[in-house]
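Asker: Take this structure, written in structure tokens, and hold onto it; I'll ask about it next.
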Amino acid sequence: MTLAQTQQELIDEFAMFTDWQDRYEHLIELGKDLPLIAPKHKTDDNLVRGCQSRVWLNAEQRASTSLSDGTIIHFTADSDAMITKGIVALLVRVYNDRTPQELLGASTEFIDRIGLREHLSPNRANGLSAMLDQMKRYALAYSAKP
Amino acid sequence: MSTTADTVEKKGYDVEEIRAQFPILKERVHGKPLVYFDNAATSQKPRRVIKAESTYYATINANVHRGVHTLSTKATEAQEAARETIRTHINAKHAHEVIFTSGTTASLNLAAFSLGQLLLKKGDEVLISGMEHHSNIVPWQLACERHGAVLKVIPVTDEGELEPRRRDDATEYFTERTKVLALTHVSNTLGTINPVKELIAEAKKRGGVTVVDGAQAIAHLDIDVQDLGCDLYAFSGHKAYGPTGTGVLYGREELLNEMPPWQGGGEMIDTVTFEKTTYAKLPFKFEAGTPHIAGIIGLGEAIRWMEDYDKQAMAAHEHLLLEHATKELLTIDGMRIIGTAKEKVGVISFVIEGVHHYDLGTLLDQQGIAVRTGHHCTQPLMERFGVSGTTRTSFACFNTVEEVNSMVAATRKAVKMLR
């Protein structure tokens, strides 16, 4: 599934919920499916700065199975807050196992479209933009490597 | 019948009458009526304050203390009237003891920089407490680093009170090297009202200069700087129903005259040559640059607005909210209130077992309820209580018992979703 398809899938999924409570319950559920970071990677270096809750994000470069010469980035993560964990799970579901180029060009518009707009504000407390910046930093670092 | 300022009858306390004056309280958040419980971060503003600011811009906007023209005179008069209102409100001896700043943070930075220059030598001590806001920690750390002084900290008890209050003995924290005592009047995180008057007296006995951070006190307590006996008292306008970007540093005249200026620029000078500048008289020596004139006028109006009400009745109402909310919150499973001092303003910080404060804050927001979550700019205090952050609900005169009930019900709902 392409990145855009995954985003659309999430938009459709969330479109089923009409009130905030169902939406947030689903977000919390998504958090439970997050590919969890290995305990050894739960280091201060992998902490995302700028979140009120703690978020650990680890990235590994892998060879792509579909692209002959491409590499993709595999993310694992965790958080001590459930909503934050849901948010990072959304991002990981969309951006996981993509090439650095795909990741660098990606937008976050889908977050708005699934009714979680409040997480897009540059408010230092919510951390979504900090998570995405961190993902893009990994992508930049890997795209610079030969 | 003759009336004096002292005998003019104050308005009775009618929370609905008060609410009607705050336009923002009609707003809806996520489709639900706004319940604003983040007053310790900033309070909402009554229409009179908003109007005072916009009227200034619409009718008398001009720079102060500079022009000979009519608008400048009117703007200057309005600003100086605000200074006089504040002087009376905090019972300072002179209006020129009231210095306008951009807020408590600027006031405390001014105090720490200038007192550091004046007083601190290598090995001297600055005494603060374990419940200070970062704004009353970091400026002193900077001053201590500059002058080789040492920062000492009065510990906080499990209840969230200062140690000396419990032991009835503050002497051990003061030494002959204590040059400054800088203490918060009311804790922004715990709500604790500190016995500042006793500690000021203790510091004075040893010749120390005393600084009070009154950011959280100004909207809730009667402040009398002469009765407290402090040398400097800092507060913000925006936590007392006034505009953001306004603040005050009160200082005792003799001390302010000795203190060197903090920032240089327009307004604060007497004469300038490239060889030597002489400074203006108080308060202008400490007011470099064009002040936040509109905001200051709004702040004056906010203080006049508060003074129209019986402060005791306001405080009693907020205390009622505090007691009711404390009782109701404690019925929630796993609830731990951080800060159970005997004397508190309407601030409750809490943690709930198995629930992250960020999650709770987000889910309360979805229900229209604004609370603060996190460390509240008091990281050392969080460490003292072994928590990474709390949820903090803080009340103002316009809040109601019904709002408290909504918040408790919304918290229960959120906890259910998160467990």
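Labeling convention for the structure tokens: chains A, B, ... as they appear, residues from 1 per chain, ligands from 1 in order of appearance.
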Show me, as a PyMOL selection string, the residues of chain A whose atoms get within 9 Å of chain B, using only C-alpha atoms for the distance check.
Answerer: chain A and resi 20-21+24-25+28+52-53+80-84+125-126
Asker: Restrict the selected residues to C-alpha atoms and save them as a short mmCIF file (atom, residue, chain, number, x, y, z; two decimals), in the first residue's frame.
Answerer:
```cif
data_model
loop_
_atom_site.label_atom_id
_atom_site.label_comp_id
_atom_site.auth_asym_id
_atom_site.auth_seq_id
_atom_site.Cartn_x
_atom_site.Cartn_y
_atom_site.Cartn_z
CA TRP A 20 -14.84 12.55 20.11
CA GLN A 21 -15.10 9.68 22.54
CA TYR A 24 -10.13 8.85 20.97
CA GLU A 25 -10.99 5.29 21.98
CA ILE A 28 -5.94 4.53 22.04
CA GLN A 52 4.91 16.57 27.39
CA SER A 53 4.80 12.80 27.64
CA ASP A 80 4.15 6.50 28.56
CA ALA A 81 0.92 8.28 27.58
CA MET A 82 -1.80 6.41 25.71
CA ILE A 83 -2.96 9.19 23.40
CA THR A 84 0.61 10.03 22.48
CA ALA A 125 2.86 20.11 24.78
CA ASN A 126 1.43 17.83 22.12
#
```
Asker: Find the residues around Glu132 in chain B up to 8 Å (only C-alpha atoms counted), leave out those fewer than 5 positions away in its own chain, and share them as a list in words.
Answerer: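 In the requested form, the answer reads Ile137, Leu183, Thr184, Ser187, Thr378 and Leu381 of chain B.
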Asker: I'd like the contact shell of range 258-264 of chain B - 12 Å cut-off, only C-alpha atoms, skipping same-chain residues fewer than 6 positions apart - returned as a PyMOL selection string.
Answerer: chain B and resi 99+101+106-119+209+231-232+251-252+270+272+277-290
Asker: Residues at most 12 Å from Thr76 in chain A, counting only C-alpha atoms, excluding those fewer than 5 positions away in the same chain, as a short mmCIF file (atom, residue, chain, number, x, y, z; two decimals) with N, CA and C atoms, in the first residue's frame?
Answerer:
```cif
data_model
loop_
_atom_site.label_atom_id
_atom_site.label_comp_id
_atom_site.auth_asym_id
_atom_site.auth_seq_id
_atom_site.Cartn_x
_atom_site.Cartn_y
_atom_site.Cartn_z
N GLY A 31 -2.82 2.64 19.36
CA GLY A 31 -1.58 2.69 20.13
C GLY A 31 -1.14 1.30 20.58
N ASP A 33 -1.40 -1.35 18.89
CA ASP A 33 -0.80 -2.09 17.76
C ASP A 33 0.56 -1.55 17.33
N LEU A 34 1.01 -0.52 18.02
CA LEU A 34 2.28 0.10 17.64
C LEU A 34 3.43 -0.91 17.71
N PRO A 35 4.28 -1.00 16.65
CA PRO A 35 5.47 -1.85 16.76
C PRO A 35 6.37 -1.31 17.86
N LEU A 36 6.41 -2.06 18.97
CA LEU A 36 7.08 -1.53 20.16
C LEU A 36 8.59 -1.51 20.02
N ILE A 37 9.17 -0.50 20.54
CA ILE A 37 10.62 -0.32 20.54
C ILE A 37 11.23 -1.36 21.50
N ALA A 38 12.34 -1.93 21.13
CA ALA A 38 13.01 -2.90 22.01
C ALA A 38 13.52 -2.16 23.24
N PRO A 39 13.44 -2.82 24.41
CA PRO A 39 13.86 -2.14 25.65
C PRO A 39 15.25 -1.52 25.55
N LYS A 40 16.17 -2.18 24.81
CA LYS A 40 17.54 -1.65 24.74
C LYS A 40 17.59 -0.32 23.96
N HIS A 41 16.57 -0.07 23.15
CA HIS A 41 16.54 1.20 22.40
C HIS A 41 15.80 2.32 23.14
N LYS A 42 15.24 1.98 24.32
CA LYS A 42 14.53 3.02 25.09
C LYS A 42 15.55 3.87 25.85
N ASN A 46 17.03 8.30 22.12
CA ASN A 46 15.86 8.05 21.27
C ASN A 46 14.61 8.77 21.77
N VAL A 55 8.28 10.03 24.67
CA VAL A 55 8.13 9.26 23.43
C VAL A 55 9.51 8.80 23.00
N TRP A 56 9.63 7.48 22.81
CA TRP A 56 10.88 6.95 22.27
C TRP A 56 10.63 6.51 20.84
N LEU A 57 11.54 6.88 19.97
CA LEU A 57 11.39 6.52 18.56
C LEU A 57 12.73 5.99 18.07
N ASN A 58 12.71 4.79 17.52
CA ASN A 58 13.94 4.22 16.98
C ASN A 58 13.78 3.97 15.49
N ALA A 59 14.83 4.24 14.73
CA ALA A 59 14.79 4.03 13.27
C ALA A 59 15.92 3.11 12.85
N GLU A 60 15.59 2.19 11.95
CA GLU A 60 16.63 1.32 11.38
C GLU A 60 16.50 1.34 9.87
N GLN A 61 17.65 1.29 9.23
CA GLN A 61 17.64 1.25 7.78
C GLN A 61 17.55 -0.22 7.34
N LYS A 85 0.84 7.64 22.41
CA LYS A 85 1.17 6.37 21.80
C LYS A 85 0.30 6.14 20.56
N VAL A 88 1.68 8.46 17.78
CA VAL A 88 2.92 7.95 17.18
C VAL A 88 2.60 6.70 16.35
N ALA A 89 1.60 5.92 16.79
CA ALA A 89 1.19 4.74 16.02
C ALA A 89 0.61 5.14 14.66
N LEU A 91 1.42 7.82 12.95
CA LEU A 91 2.55 8.25 12.12
C LEU A 91 3.34 7.05 11.62
N VAL A 92 3.56 6.10 12.54
CA VAL A 92 4.35 4.93 12.15
C VAL A 92 3.59 4.13 11.08
N ARG A 93 2.27 4.00 11.25
CA ARG A 93 1.50 3.23 10.27
C ARG A 93 1.64 3.86 8.87
N TYR A 95 4.13 6.16 7.84
CA TYR A 95 5.49 6.44 7.36
C TYR A 95 6.46 5.27 7.51
N ASN A 96 6.00 4.17 8.08
CA ASN A 96 6.92 3.06 8.31
C ASN A 96 7.29 2.35 7.01
N ASP A 97 8.53 1.90 6.95
CA ASP A 97 9.03 1.13 5.80
C ASP A 97 8.89 1.90 4.48
N MET A 135 11.33 11.94 12.73
CA MET A 135 11.28 10.94 11.64
C MET A 135 11.99 11.49 10.40
#
```
Asker: Just the number, please: distance in Å from CA of Asp112 in chain A to CA of Phe17 in chain A, one decimal.
Answerer: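 CA of Phe17 in chain A lies 14.4 Å from CA of Asp112 in chain A.
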Asker: Using only C-alpha atoms, which residue out of A:Arg117, A:Lys32, A:His26, A:Arg49 lies closest to Leu132 in chain A?
Answerer: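 The shortest atom-to-atom distance to Leu132 in chain A comes from A:Arg49.
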Asker: Can you list, as a VMD selection string, all residues belonging to chain A that DSSP tags as strand (DSSP E)?
Answerer: chain A and resid 55 to 63 71 to 79
Asker: Just write the chosen residues, N, CA and C atoms, as a compact mmCIF listing (two decimals), in the first residue's frame.
Answerer:
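New file part28.txt:
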```
# COMPACT_ATOMS: atom_id res chain seq x y z
N VAL A 55 8.28 10.03 24.67
CA VAL A 55 8.13 9.26 23.43
C VAL A 55 9.51 8.80 23.00
N TRP A 56 9.63 7.48 22.81
CA TRP A 56 10.88 6.95 22.27
C TRP A 56 10.63 6.51 20.84
N LEU A 57 11.54 6.88 19.97
CA LEU A 57 11.39 6.52 18.56
C LEU A 57 12.73 5.99 18.07
N ASN A 58 12.71 4.79 17.52
CA ASN A 58 13.94 4.22 16.98
C ASN A 58 13.78 3.97 15.49
N ALA A 59 14.83 4.24 14.73
CA ALA A 59 14.79 4.03 13.27
C ALA A 59 15.92 3.11 12.85
N GLU A 60 15.59 2.19 11.95
CA GLU A 60 16.63 1.32 11.38
C GLU A 60 16.50 1.34 9.87
N GLN A 61 17.65 1.29 9.23
CA GLN A 61 17.64 1.25 7.78
C GLN A 61 17.55 -0.22 7.34
N ARG A 62 16.66 -0.48 6.40
CA ARG A 62 16.54 -1.86 5.91
C ARG A 62 16.55 -1.86 4.39
N ALA A 63 16.94 -3.01 3.83
CA ALA A 63 16.89 -3.13 2.37
C ALA A 63 15.44 -3.32 1.96
N THR A 71 16.56 1.60 -0.08
CA THR A 71 16.50 1.24 1.32
C THR A 71 15.29 1.93 1.93
N ILE A 72 14.77 1.32 2.95
CA ILE A 72 13.60 1.90 3.64
C ILE A 72 13.95 2.08 5.11
N ILE A 73 13.09 2.86 5.78
CA ILE A 73 13.34 3.11 7.21
C ILE A 73 12.25 2.42 8.02
N HIS A 74 12.70 1.63 8.99
CA HIS A 74 11.77 0.91 9.85
C HIS A 74 11.75 1.55 11.24
N PHE A 75 10.54 1.92 11.65
CA PHE A 75 10.40 2.60 12.95
C PHE A 75 9.80 1.67 13.99
N THR A 76 10.30 1.83 15.22
CA THR A 76 9.62 1.27 16.39
C THR A 76 9.55 2.40 17.42
N ALA A 77 8.54 2.34 18.29
CA ALA A 77 8.35 3.46 19.21
C ALA A 77 7.60 3.02 20.46
N ASP A 78 7.51 3.94 21.41
CA ASP A 78 6.67 3.73 22.60
C ASP A 78 6.45 5.07 23.28
N SER A 79 5.44 5.12 24.13
CA SER A 79 5.21 6.33 24.93
C SER A 79 4.59 5.94 26.25
```
